[in-house]
>>> print(open('work.txt').read())   # compact mmCIF, C-alpha atoms
# COMPACT_ATOMS: atom_id res chain seq x y z
CA MET A 163 18.54 -64.00 94.01
CA ASP A 164 19.45 -60.66 95.47
CA ASP A 165 22.39 -60.29 93.10
CA LYS A 166 20.26 -61.31 90.18
CA LEU A 167 17.59 -58.74 91.00
CA ILE A 168 20.19 -56.03 91.46
CA GLU A 169 21.72 -56.98 88.09
CA LEU A 170 18.31 -56.78 86.41
CA LEU A 171 17.51 -53.52 88.22
CA ILE A 172 20.77 -51.95 87.05
CA ALA A 173 20.11 -53.10 83.48
CA ALA A 174 16.55 -51.70 83.64
CA LYS A 175 17.85 -48.43 85.04
CA LYS A 176 20.40 -48.16 82.30
CA ALA A 177 17.83 -48.99 79.65
CA LEU A 178 15.42 -46.46 81.13
CA LEU A 179 18.05 -43.73 81.16
CA THR A 180 19.05 -44.59 77.58
CA GLY A 181 15.40 -44.56 76.56
CA GLN A 182 14.83 -41.23 78.25
CA ALA A 183 17.87 -39.76 76.50
CA ILE A 184 16.64 -41.04 73.15
CA CYS A 185 13.15 -39.68 73.81
CA GLU A 186 14.56 -36.33 74.86
CA GLN A 187 16.43 -36.16 71.54
CA ALA A 188 13.23 -37.15 69.77
CA ASN A 189 11.28 -34.47 71.65
CA ALA A 190 13.83 -31.84 70.66
CA LEU A 191 13.72 -33.00 67.05
CA SER A 192 9.92 -33.08 67.16
CA HIS A 193 9.85 -29.53 68.52
CA ASP A 194 12.15 -28.39 65.72
CA SER A 195 9.99 -30.25 63.24
CA GLU A 196 6.88 -28.49 64.51
CA GLN A 197 8.59 -25.14 64.03
CA ALA A 198 9.70 -26.13 60.52
CA ALA A 199 6.19 -27.39 59.69
CA ASP A 200 4.69 -24.17 61.02
CA ALA A 201 7.17 -22.13 58.95
CA ILE A 202 6.34 -24.23 55.87
CA GLU A 203 2.60 -23.75 56.39
CA LYS A 204 3.14 -19.99 56.65
CA THR A 205 5.66 -19.74 53.81
CA TRP A 206 3.81 -21.89 51.29
CA PRO A 207 0.66 -19.64 51.05
CA ARG A 208 2.89 -16.58 50.68
CA ILE A 209 4.77 -18.30 47.87
CA VAL A 210 1.52 -19.27 46.15
CA PHE A 211 0.21 -15.70 46.52
CA VAL A 212 3.39 -14.10 45.17
CA HIS A 213 3.55 -16.67 42.35
CA ASN A 214 -0.06 -16.01 41.35
CA HIS A 215 0.51 -12.26 41.59
CA ILE A 216 3.51 -12.59 39.29
CA LEU A 217 1.43 -14.65 36.85
CA VAL A 218 -1.23 -11.93 36.83
CA GLN A 219 1.43 -9.28 36.20
CA LEU A 220 2.96 -11.36 33.41
CA THR A 221 -0.50 -11.85 31.90
CA THR A 222 -1.00 -8.09 31.97
CA LEU A 223 2.36 -7.59 30.26
CA HIS A 224 1.39 -10.23 27.68
CA ARG A 225 -1.81 -8.29 26.97
CA ILE A 226 0.15 -5.05 26.65
CA ARG A 227 2.50 -6.83 24.25
CA GLU A 228 -0.42 -8.25 22.24
CA PHE A 229 -2.00 -4.79 22.09
CA LEU A 230 1.35 -3.39 21.02
CA VAL A 231 1.65 -6.07 18.32
CA ALA A 232 -1.89 -5.35 17.08
CA ASN A 233 -1.17 -1.62 17.09
CA SER A 234 2.11 -2.12 15.21
CA GLN A 235 0.48 -4.41 12.66
CA ALA A 236 -2.37 -1.94 12.12
CA LYS A 237 0.12 0.90 11.67
CA ARG A 238 2.18 -1.23 9.29
CA ALA A 239 -0.92 -2.19 7.28
CA THR A 240 -1.98 1.45 7.04
CA LEU A 241 1.52 2.40 5.96
CA LYS A 242 1.47 -0.27 3.23
CA GLU A 243 -1.86 1.11 1.99
CA ARG A 244 -0.37 4.60 1.89
CA GLU A 245 2.73 3.30 0.10
CA ALA A 246 0.52 1.53 -2.45
CA THR A 247 -1.47 4.74 -2.96
CA PHE A 248 1.74 6.73 -3.34
CA ALA A 249 3.11 4.21 -5.84
CA LYS A 250 -0.11 4.36 -7.90
CA VAL A 251 -0.23 8.15 -7.83
CA SER A 252 3.45 8.34 -8.82
CA PHE A 253 2.94 5.76 -11.58
CA ASP A 254 -0.03 7.70 -12.96
CA LEU A 255 2.05 10.88 -12.97
CA GLN A 256 4.93 9.17 -14.74
CA GLU A 257 2.53 7.90 -17.38
CA ILE A 258 1.10 11.39 -17.80
CA PHE A 259 4.61 12.84 -18.05
CA ALA A 260 5.50 10.23 -20.67
CA THR A 261 2.37 11.16 -22.62
CA LEU A 262 3.22 14.85 -22.33
CA ARG A 263 6.77 14.23 -23.54
CA SER A 264 5.52 12.19 -26.50
CA SER A 265 2.86 14.75 -27.45
CA GLU A 266 4.61 16.96 -30.00
CA ILE A 267 2.94 20.28 -30.72
CA ASP A 268 1.97 20.83 -34.34
CA PRO A 269 4.51 23.20 -35.96
CA ASN A 270 1.67 25.22 -37.52
CA ILE A 271 0.33 25.99 -34.05
CA LEU A 272 3.81 26.85 -32.86
CA GLN A 273 3.99 29.57 -35.54
CA LEU A 274 1.36 31.50 -33.59
CA SER A 275 2.68 30.49 -30.13
CA ARG A 276 5.43 31.62 -27.83
CA ALA A 277 7.88 28.90 -26.93
CA PRO A 278 9.19 28.57 -23.37
CA ASP A 279 12.35 30.56 -22.79
CA THR A 280 14.15 27.43 -21.57
CA LEU A 281 14.04 25.79 -25.00
CA PRO A 282 16.29 26.55 -28.00
CA SER A 283 14.40 27.85 -30.99
CA HIS A 284 15.20 24.81 -33.13
CA ALA A 285 14.08 22.19 -30.57
CA LYS A 286 10.92 20.20 -31.00
CA ARG A 287 8.16 21.36 -28.74
CA THR A 288 6.08 18.95 -26.63
CA LEU A 289 3.30 19.55 -24.15
CA PHE A 290 5.75 18.71 -21.36
CA ASP A 291 7.67 21.88 -22.21
CA TYR A 292 4.68 23.96 -21.13
CA ILE A 293 4.29 22.54 -17.62
CA GLN A 294 6.23 23.07 -14.43
CA ASP A 295 6.96 19.71 -12.81
CA GLU A 296 8.69 21.25 -9.77
CA ALA A 297 5.41 21.19 -7.83
CA VAL A 298 5.00 17.48 -8.57
CA LEU A 299 8.54 16.71 -7.45
CA GLU A 300 8.03 18.78 -4.32
CA PHE A 301 4.77 17.02 -3.38
CA GLN A 302 6.33 13.63 -4.11
CA GLN A 303 9.28 14.43 -1.86
CA LEU A 304 7.00 15.69 0.91
CA ALA A 305 4.82 12.59 0.68
CA ASP A 306 7.89 10.34 0.69
CA ASP A 307 9.21 12.18 3.77
CA GLU A 308 5.90 11.58 5.58
CA ILE A 309 6.04 7.88 4.68
CA GLY A 310 9.58 7.74 6.06
CA LYS A 311 8.45 9.34 9.32
CA VAL A 312 5.62 6.83 9.74
CA GLU A 313 8.09 4.03 8.94
CA ILE A 314 10.28 5.26 11.81
CA LEU A 315 7.25 5.31 14.13
CA CYS A 316 6.29 1.75 13.11
CA SER A 317 9.85 0.58 13.71
CA SER A 318 9.87 2.22 17.14
CA LEU A 319 6.69 0.34 18.09
CA GLU A 320 8.12 -2.93 16.78
CA ASN A 321 11.34 -2.36 18.74
CA SER A 322 9.30 -1.63 21.88
CA GLU A 323 7.39 -4.87 21.31
CA LYS A 324 10.65 -6.81 20.90
CA GLN A 325 12.08 -5.27 24.07
CA LEU A 326 8.92 -6.04 26.02
CA SER A 327 8.80 -9.57 24.60
CA THR A 328 12.42 -10.11 25.65
CA LYS A 329 11.66 -8.78 29.14
CA ILE A 330 8.62 -11.05 29.46
CA SER A 331 10.71 -14.05 28.35
CA GLU A 332 13.40 -13.17 30.88
CA LEU A 333 10.82 -12.86 33.67
CA ALA A 334 9.13 -16.11 32.63
CA SER A 335 12.51 -17.86 32.66
CA MET A 336 13.31 -16.37 36.08
CA LEU A 337 9.91 -17.53 37.34
CA GLU A 338 10.43 -21.04 35.98
CA THR A 339 13.87 -21.22 37.57
CA ALA A 340 12.57 -19.84 40.86
CA VAL A 341 9.74 -22.36 41.18
CA SER A 342 11.74 -25.56 41.57
CA ILE A 343 8.86 -27.43 43.29
CA SER A 344 5.20 -27.95 42.66
CA LEU A 345 2.89 -25.32 44.17
CA ASP A 346 -0.19 -27.50 44.28
CA ASP A 347 -1.72 -29.03 47.44
CA SER A 348 1.08 -31.63 47.65
CA THR A 349 3.09 -29.30 49.89
CA ALA A 350 0.28 -29.10 52.43
CA ASN A 351 -0.21 -32.87 52.16
CA PHE A 352 3.54 -33.37 52.57
CA VAL A 353 3.57 -31.47 55.89
CA SER A 354 0.48 -33.29 57.12
CA THR A 355 1.88 -36.69 56.17
CA LYS A 356 5.28 -36.07 57.74
CA THR A 357 3.70 -34.67 60.90
CA GLN A 358 1.48 -37.71 61.22
CA ILE A 359 4.47 -40.03 60.75
CA GLN A 360 6.40 -38.16 63.42
CA GLU A 361 3.47 -38.07 65.82
CA SER A 362 2.97 -41.80 65.33
CA GLU A 363 6.62 -42.50 66.06
CA MET A 364 6.58 -40.22 69.10
CA ALA A 365 3.53 -42.03 70.44
CA THR A 366 5.27 -45.36 69.90
CA MET A 367 8.38 -44.07 71.66
CA ALA A 368 6.27 -42.80 74.55
CA ASP A 369 4.72 -46.23 74.91
CA ILE A 370 8.14 -47.84 74.83
CA LEU A 371 9.48 -45.40 77.40
CA ASN A 372 6.45 -46.06 79.53
CA SER A 373 7.08 -49.80 79.30
CA LEU A 374 10.73 -49.28 80.31
CA THR A 375 9.56 -47.23 83.27
CA ASN A 376 7.11 -49.94 84.26
CA HIS A 377 9.79 -52.59 83.91
CA TYR A 378 12.14 -50.59 86.12
CA ASP A 379 9.37 -50.02 88.69
CA GLN A 380 8.47 -53.70 88.64
CA LEU A 381 12.07 -54.70 89.34
CA GLY A 382 12.25 -52.16 92.16
CA GLU A 383 9.07 -53.59 93.64
CA ALA A 384 10.39 -57.18 93.22
CA THR A 385 13.64 -56.25 94.97
CA ARG A 386 11.72 -54.69 97.83
CA LEU A 387 9.51 -57.78 98.17
CA TRP A 388 12.49 -60.10 98.04
CA ARG A 389 14.27 -58.27 100.79
CA SER A 390 11.13 -58.08 102.94
CA ASN A 391 10.66 -61.88 102.59
CA LEU A 392 14.25 -62.91 103.40
CA GLU A 393 13.22 -64.09 106.88
CA THR A 394 10.38 -66.23 105.54
CA GLY A 395 12.50 -67.61 102.73
CA GLN A 396 9.68 -67.22 100.22
CA GLN A 397 10.88 -67.45 96.61
CA LEU A 398 9.94 -64.96 93.84
CA ASP A 399 9.19 -65.85 90.23
CA ILE A 400 11.19 -63.37 88.18
CA SER A 401 11.01 -65.22 84.89
CA VAL A 402 8.81 -62.55 83.32
CA LEU A 403 11.16 -59.83 84.47
CA GLN A 404 14.07 -61.85 83.11
CA ASP A 405 12.29 -62.20 79.80
CA ASP A 406 11.65 -58.46 79.69
CA ASN A 407 15.29 -57.86 80.45
CA ASP A 408 16.30 -60.12 77.61
CA HIS A 409 14.23 -57.93 75.23
CA LEU A 410 15.72 -54.64 76.43
CA PRO A 411 18.29 -54.44 73.56
CA ASP A 412 15.50 -54.96 71.02
CA ILE A 413 13.34 -52.34 72.72
CA LEU A 414 16.20 -49.82 72.72
CA GLU A 415 16.86 -50.63 69.08
CA ASP A 416 13.20 -49.88 68.32
CA LEU A 417 13.60 -46.55 70.08
CA LYS A 418 16.68 -45.77 68.01
CA GLU A 419 14.84 -46.66 64.81
CA SER A 420 11.97 -44.38 65.80
CA LEU A 421 14.50 -41.64 66.61
CA GLU A 422 16.00 -42.08 63.16
CA ILE A 423 12.53 -41.74 61.62
CA VAL A 424 11.82 -38.61 63.69
CA SER A 425 15.22 -37.23 62.69
CA SER A 426 14.59 -38.11 59.06
CA VAL A 427 11.22 -36.33 59.16
CA LYS A 428 12.88 -33.26 60.66
CA GLU A 429 15.54 -33.30 57.95
CA GLU A 430 12.90 -33.62 55.23
CA LEU A 431 10.93 -30.73 56.74
CA ASP A 432 14.11 -28.65 57.03
CA VAL A 433 15.02 -29.38 53.42
CA ARG A 434 11.51 -28.54 52.25
CA LEU A 435 11.53 -25.31 54.30
CA LYS A 436 14.91 -24.34 52.88
CA VAL A 437 13.64 -25.01 49.36
CA LEU A 438 10.51 -22.95 49.99
CA GLN A 439 12.55 -20.10 51.46
CA THR A 440 14.82 -20.19 48.41
CA VAL A 441 11.78 -20.19 46.11
CA GLN A 442 10.30 -17.31 48.09
CA ASP A 443 13.53 -15.30 47.79
CA GLU A 444 13.74 -15.96 44.05
CA LEU A 445 10.07 -15.06 43.55
CA LEU A 446 10.63 -11.80 45.42
CA LYS A 447 13.51 -11.05 43.03
CA VAL A 448 11.15 -11.64 40.09
CA LEU A 449 8.60 -9.41 41.79
CA ASP A 450 11.21 -6.69 42.20
CA HIS A 451 11.91 -6.82 38.46
CA LEU A 452 8.19 -6.62 37.77
CA ASP A 453 7.84 -3.65 40.11
CA VAL A 454 10.53 -1.82 38.13
CA ILE A 455 8.44 -2.41 34.98
CA ASN A 456 5.08 -1.56 36.48
CA ILE A 457 5.91 1.43 38.67
CA ALA A 458 4.74 4.85 37.54
CA GLY A 459 7.07 5.94 34.78
CA GLY A 460 8.36 2.39 34.34
CA VAL A 461 8.65 0.31 31.17
CA ALA A 462 4.90 -0.38 30.91
CA ASP A 463 3.96 3.29 31.34
CA THR A 464 6.66 4.30 28.87
CA ILE A 465 5.35 1.85 26.27
CA LEU A 466 1.72 2.93 26.72
CA GLU A 467 2.73 6.59 26.55
CA ARG A 468 4.81 5.88 23.46
CA MET A 469 1.85 4.17 21.79
CA SER A 470 -0.31 7.24 22.44
CA GLN A 471 2.39 9.49 20.98
CA VAL A 472 2.77 7.25 17.93
CA ASP A 473 -1.01 7.25 17.38
CA ALA A 474 -1.12 11.04 17.46
CA GLU A 475 1.99 11.52 15.30
CA SER A 476 0.90 8.85 12.82
CA ALA A 477 -2.52 10.45 12.43
CA GLU A 478 -0.85 13.79 11.70
CA HIS A 479 1.57 12.30 9.16
CA GLU A 480 -1.23 10.31 7.49
CA SER A 481 -3.28 13.50 7.20
CA HIS A 482 -0.32 15.20 5.51
CA MET A 483 0.11 12.23 3.19
CA ASP A 484 -3.55 12.31 2.20
CA HIS A 485 -3.22 16.02 1.44
CA TYR A 486 -0.16 15.46 -0.77
CA PHE A 487 -1.81 12.50 -2.50
CA ASP A 488 -4.86 14.67 -3.22
CA GLN A 489 -2.60 17.36 -4.66
CA LEU A 490 -0.74 14.86 -6.83
CA THR A 491 -3.99 13.27 -7.97
CA SER A 492 -5.36 16.72 -8.75
CA LEU A 493 -2.25 17.50 -10.81
CA THR A 494 -2.63 14.22 -12.65
CA GLY A 495 -6.20 15.17 -13.52
CA TRP A 496 -5.10 18.65 -14.52
CA TYR A 497 -2.41 17.27 -16.87
CA GLN A 498 -4.91 14.84 -18.37
CA GLN A 499 -7.23 17.75 -19.04
CA PHE A 500 -4.30 19.71 -20.43
CA ILE A 501 -3.63 16.95 -22.97
CA LEU A 502 -7.31 16.72 -23.85
CA SER A 503 -7.58 20.50 -24.17
CA TYR A 504 -4.63 20.53 -26.55
CA HIS A 505 -6.45 18.11 -28.83
CA HIS A 506 -9.51 20.32 -28.59
CA LEU A 507 -7.20 23.24 -29.49
CA VAL A 508 -6.16 21.48 -32.69
CA LEU A 509 -9.80 20.94 -33.60
CA GLU A 510 -10.69 24.51 -32.64
CA VAL A 511 -7.90 25.94 -34.79
CA ASN A 512 -9.14 23.85 -37.67
CA ARG A 513 -12.71 25.00 -37.05
CA ARG A 514 -11.73 28.66 -36.86
CA GLN A 515 -9.59 28.34 -39.95
CA LYS A 516 -12.61 27.03 -41.80
CA VAL A 517 -14.81 29.78 -40.39
CA ALA A 518 -12.26 32.41 -41.42
CA TYR A 519 -12.18 30.95 -44.90
CA GLN A 520 -15.96 30.92 -45.08
CA GLN A 521 -16.15 34.50 -43.83
CA GLU A 522 -13.61 35.62 -46.42
CA GLN A 523 -15.52 33.82 -49.16
CA LEU A 524 -18.72 35.50 -48.02
CA ARG A 525 -16.98 38.90 -47.93
CA GLN A 526 -15.61 38.41 -51.41
CA GLU A 527 -19.05 37.45 -52.67
CA LEU A 528 -20.62 40.50 -51.01
CA MET A 529 -17.90 42.77 -52.40
CA GLN A 530 -18.49 41.41 -55.88
CA SER A 531 -22.26 41.82 -55.51
CA LEU A 532 -21.87 45.41 -54.28
CA LYS A 533 -19.42 46.15 -57.11
CA ASN A 534 -21.81 44.77 -59.69
CA ALA A 535 -24.69 46.77 -58.20
CA TYR A 536 -22.60 49.95 -58.17
CA GLU A 537 -21.40 49.54 -61.72
CA GLY A 538 -24.96 48.82 -62.86
CA GLU A 539 -26.23 51.97 -61.18
CA VAL A 540 -23.43 54.05 -62.71
CA GLN A 541 -24.28 52.73 -66.15
CA LYS A 542 -27.98 53.49 -65.66
CA ARG A 543 -27.23 57.07 -64.59
CA GLN A 544 -24.89 57.60 -67.52
CA ASP A 545 -27.57 56.35 -69.89
CA TRP A 546 -30.14 58.71 -68.33
CA VAL A 547 -27.83 61.71 -68.59
CA THR A 548 -27.13 60.88 -72.18
CA GLU A 549 -30.83 60.72 -72.93
CA HIS A 550 -32.15 63.55 -70.77
CA GLY A 551 -29.39 65.41 -68.99
CA GLN A 552 -28.22 67.35 -71.98
CA PHE A 553 -31.52 69.11 -72.14
CA LEU A 554 -31.63 70.24 -68.53
CA PRO A 555 -29.74 73.28 -67.23
CA GLU A 556 -27.17 72.34 -64.60
CA ASP A 557 -28.41 74.87 -62.07
CA LEU A 558 -31.88 73.33 -62.25
CA CYS A 559 -30.81 69.83 -61.14
CA ALA A 560 -27.15 69.79 -60.35
CA PHE A 561 -27.69 66.79 -57.99
CA ILE A 562 -28.74 64.66 -60.86
CA PHE A 563 -25.16 64.39 -61.95
CA ASP A 564 -23.99 62.97 -58.51
CA PRO A 565 -22.49 59.46 -58.64
CA PRO A 566 -24.27 56.64 -56.70
CA ALA A 567 -23.12 55.62 -53.18
CA LYS A 568 -20.25 53.20 -53.25
CA LEU A 569 -20.72 50.44 -50.67
CA THR A 570 -17.96 48.21 -49.37
CA VAL A 571 -17.47 45.41 -46.74
CA HIS A 572 -14.53 45.72 -44.40
CA LYS A 573 -13.33 43.91 -41.23
CA ASP A 574 -13.74 45.61 -37.87
CA ASN A 575 -10.32 44.34 -36.78
CA GLU A 576 -7.54 42.46 -38.34
CA VAL A 577 -7.25 38.88 -37.09
CA ARG A 578 -4.17 36.80 -37.45
CA VAL A 579 -4.25 34.23 -40.16
CA LEU A 580 -4.65 30.79 -38.67
CA PRO A 581 -2.51 27.98 -40.00
CA GLU A 582 -3.84 25.06 -41.94
CA ILE A 583 -3.72 21.97 -39.69
CA PRO A 584 -2.68 18.74 -41.45
CA GLU A 585 -5.45 16.18 -41.81
CA GLU A 586 -3.42 13.59 -39.90
CA ALA A 587 -3.17 15.90 -36.87
CA ILE A 588 -6.92 16.59 -37.05
CA GLN A 589 -7.76 12.88 -37.16
CA THR A 590 -5.45 12.16 -34.23
CA ALA A 591 -7.07 14.92 -32.19
CA MET A 592 -10.57 13.69 -33.04
CA HIS A 593 -9.59 10.17 -32.00
CA LYS A 594 -8.21 11.33 -28.67
CA VAL A 595 -11.26 13.49 -27.96
CA ASN A 596 -13.74 10.74 -28.88
CA LYS A 597 -11.92 8.26 -26.59
CA THR A 598 -12.72 10.42 -23.59
>>> encode(input="work.txt", output="structure tokens")
Amino acid sequence: MDDKLIELLIAAKKALLTGQAICEQANALSHDSEQAADAIEKTWPRIVFVHNHILVQLTTLHRIREFLVANSQAKRATLKEREATFAKVSFDLQEIFATLRSSEIDPNILQLSRAPDTLPSHAKRTLFDYIQDEAVLEFQQLADDEIGKVEILCSSLENSEKQLSTKISELASMLETAVSISLDDSTANFVSTKTQIQESEMATMADILNSLTNHYDQLGEATRLWRSNLETGQQLDISVLQDDNDHLPDILEDLKESLEIVSSVKEELDVRLKVLQTVQDELLKVLDHLDVINIAGGVADTILERMSQVDAESAEHESHMDHYFDQLTSLTGWYQQFILSYHHLVLEVNRRQKVAYQQEQLRQELMQSLKNAYEGEVQKRQDWVTEHGQFLPEDLCAFIFDPPAKLTVHKDNEVRVLPEIPEEAIQTAMHKVNKT
């Protein structure tokens, strides 16, 4: 019996020491797990904060990009309106020029006119020969230059938008790559679940270790009782202790399984912590890139400053364009009036020619009337002298032999003779004038 008890006591001692060693390992692992869990619980909120901060910054950049797009589109739309206006003004001028080139001046009018020095004397004259189109060409070139400058400004805004869009895409891709795990409440639940599993296993191991301790104490007590009762020869029932001893391998196996679970939990927590630390490092890299964009004088400030510059420069160029368009439109109106005035000139020449003819007819009639009156008076005086003058001494009434006053009609100044305008030219001019 004594040998048997000693054998059981040694086995219990060995099992207890093994159990204690396993529990010590579990305690160390549990302590490491607590540190990992604590680090996870501290790291995860920081990651969520940085991630949300990055999302806010990206949203701000998206809004800047959208504003930049809207600004670019508005500038482009305004430019297209100006280009359409320029095209219309230029088209109207080309039509006017074509009309001027096709409007030949009546040769009869040219007889009284001075042809431009740039034309040979035998060339046909048109209304276009009497205008200077250099001003039109100059205004067109200036307007086209302003359009080109606004085009460059629009392109610069569009390039800025493309660069910003590319940067946002790069940052979004970096953010997506950085966040390799979910940032919802599952991380907190994961730590809580794993901690509970580990705590449960540690409690189970503590109970097992406690049972091993009790078993060892019970065998020690049985051995003491057995030795104290050797003189009396009283027998001890150690069947329960034997049964417990038989289960020691299973109990130690349970401890090892629990240790594996505790170790597994620690590994999972370590892996999760490492992942979170990697995510945190990657997020901080993204944040560094964002800081470069958002710092004073960075990309965002440069873009906003550029937009302000483009707004101011575009407004100035558009003002210049409007001025040149007004000048070109004014010239178009002036040339239209020039053409109309020429047709009025044809009608006026015809009217004056008629008036001159009528005046000459009236003068001829008056001259003939005055001549007839004069000749009649002369005849009457001659008849009177014949009847009475021969009887009167000359010194008595010398005046009676004076001739009558001779009246005449003359022009105050000589006017040039106006040409006779062909009927076809007159009808054309009347048609053009009546159309307006």
>>> closest_residue(input="work.txt", among="A:Ala305, A:Ala198, A:Ile343, A:Ala173", to="Val251 (chain A)", atoms="all atoms listed in the file")
A:Ala305
>>> residues_around(input="work.txt", residues="Ile168 (chain A)", least_positions_apart="2", cutoff="12 Å", atoms="only C-alpha atoms", output="PyMOL selection string")
chain A and resi 163-166+170-175+378+381-386+388-389+404
>>> write_last_selection(input="work.txt", atoms="C-alpha atoms", output="short mmCIF file (atom, residue, chain, number, x, y, z; two decimals), in the coordinates of the input")
data_model
loop_
_atom_site.label_atom_id
_atom_site.label_comp_id
_atom_site.auth_asym_id
_atom_site.auth_seq_id
_atom_site.Cartn_x
_atom_site.Cartn_y
_atom_site.Cartn_z
CA MET A 163 18.54 -64.00 94.01
CA ASP A 164 19.45 -60.66 95.47
CA ASP A 165 22.39 -60.29 93.10
CA LYS A 166 20.26 -61.31 90.18
CA LEU A 170 18.31 -56.78 86.41
CA LEU A 171 17.51 -53.52 88.22
CA ILE A 172 20.77 -51.95 87.05
CA ALA A 173 20.11 -53.10 83.48
CA ALA A 174 16.55 -51.70 83.64
CA LYS A 175 17.85 -48.43 85.04
CA TYR A 378 12.14 -50.59 86.12
CA LEU A 381 12.07 -54.70 89.34
CA GLY A 382 12.25 -52.16 92.16
CA GLU A 383 9.07 -53.59 93.64
CA ALA A 384 10.39 -57.18 93.22
CA THR A 385 13.64 -56.25 94.97
CA ARG A 386 11.72 -54.69 97.83
CA TRP A 388 12.49 -60.10 98.04
CA ARG A 389 14.27 -58.27 100.79
CA GLN A 404 14.07 -61.85 83.11
#
>>> closest_residue(input="work.txt", among="A:Asp406, A:Asp488, A:Glu363, A:Asp453", to="Ile423 (chain A)", atoms="all atoms listed in the file")
A:Glu363
>>> atom_distance(input="work.txt", atom1="CA of Leu274 (chain A)", atom2="CA of Val579 (chain A)")
9.1 Å
>>> atom_distance(input="work.txt", atom1="CA of Val517 (chain A)", atom2="CA of Asn534 (chain A)")
25.4 Å
>>> residues_around(input="work.txt", residues="Glu196 (chain A)", least_positions_apart="6", cutoff="12 Å", atoms="all atoms listed in the file", output="list in words")
Ala188, Asn189, Ala190, Ile202, Glu203, Val353, Ser354, Lys356, Thr357, Gln358, Gln360, Glu361, Val424, Val427, Lys428, Glu429, Leu431, Asp432 and Leu435 of chain A
>>> residues_around(input="work.txt", residues="Ser318 (chain A)", least_positions_apart="4", cutoff="10 Å", atoms="all atoms listed in the file", output="number ranges by chain")
A: 234, 312-314, 322-324, 468-469, 472
>>> closest_atom_pairs(input="work.txt", of="region 386-489 of chain A", to="region 239-243 of chain A", cutoff="12 Å", atoms="only C-alpha atoms", output="tab-separated table")
residue	atom	partner	partner_atom	distance
A:Asp473	CA	A:Thr240	CA	11.9
A:Ser476	CA	A:Leu241	CA	9.4
A:Ala477	CA	A:Thr240	CA	10.5
A:His479	CA	A:Leu241	CA	10.4
A:Glu480	CA	A:Leu241	CA	8.5
A:Met483	CA	A:Leu241	CA	10.3
A:Asp484	CA	A:Glu243	CA	11.3
>>> write_last_selection(input="work.txt", atoms="C-alpha atoms", output="PDB file, keeping the file's coordinate frame")
ATOM      1  CA  ASP A 473      -1.010   7.250  17.380  1.00  0.00           C
ATOM      2  CA  SER A 476       0.900   8.850  12.820  1.00  0.00           C
ATOM      3  CA  ALA A 477      -2.520  10.450  12.430  1.00  0.00           C
ATOM      4  CA  HIS A 479       1.570  12.300   9.160  1.00  0.00           C
ATOM      5  CA  GLU A 480      -1.230  10.310   7.490  1.00  0.00           C
ATOM      6  CA  MET A 483       0.110  12.230   3.190  1.00  0.00           C
ATOM      7  CA  ASP A 484      -3.550  12.310   2.200  1.00  0.00           C
TER       8      ASP A 484
END
>>> closest_residue(input="work.txt", among="A:Ala334, A:Leu414, A:Ile209, A:Leu345", to="Ser373 (chain A)", atoms="only C-alpha atoms")
A:Leu414
>>> residues_around(input="work.txt", residues="region 490-495 of chain A", least_positions_apart="5", cutoff="9 Å", atoms="all atoms listed in the file", output="NGL selection string")
:A and (251-252 or 254-255 or 258 or 297-298 or 301-302 or 485 or 500)
>>> closest_residue(input="work.txt", among="A:Lys573, A:His482, A:Lys418, A:Lys542", to="Ile370 (chain A)", atoms="all atoms listed in the file")
A:Lys418
>>> closest_residue(input="work.txt", among="A:Gln530, A:Asn270, A:Thr339, A:Thr366", to="Lys447 (chain A)", atoms="all atoms listed in the file")
A:Thr339
>>> closest_residue(input="work.txt", among="A:Asp369, A:Arg434, A:His505, A:Lys286", to="Asp200 (chain A)", atoms="all atoms listed in the file")
A:Arg434
>>> residues_around(input="work.txt", residues="Ile562 (chain A)", least_positions_apart="3", cutoff="10 Å", atoms="all atoms listed in the file", output="PyMOL selection string")
chain A and resi 543+546-547+551+554+556+558-559+565
>>> write_last_selection(input="work.txt", atoms="C-alpha atoms", output="short mmCIF file (atom, residue, chain, number, x, y, z; two decimals), keeping the file's coordinate frame")
data_model
loop_
_atom_site.label_atom_id
_atom_site.label_comp_id
_atom_site.auth_asym_id
_atom_site.auth_seq_id
_atom_site.Cartn_x
_atom_site.Cartn_y
_atom_site.Cartn_z
CA ARG A 543 -27.23 57.07 -64.59
CA TRP A 546 -30.14 58.71 -68.33
CA VAL A 547 -27.83 61.71 -68.59
CA GLY A 551 -29.39 65.41 -68.99
CA LEU A 554 -31.63 70.24 -68.53
CA GLU A 556 -27.17 72.34 -64.60
CA LEU A 558 -31.88 73.33 -62.25
CA CYS A 559 -30.81 69.83 -61.14
CA PRO A 565 -22.49 59.46 -58.64
#
>>> atom_distance(input="work.txt", atom1="CA of Gln294 (chain A)", atom2="CA of Lys597 (chain A)")
26.4 Å
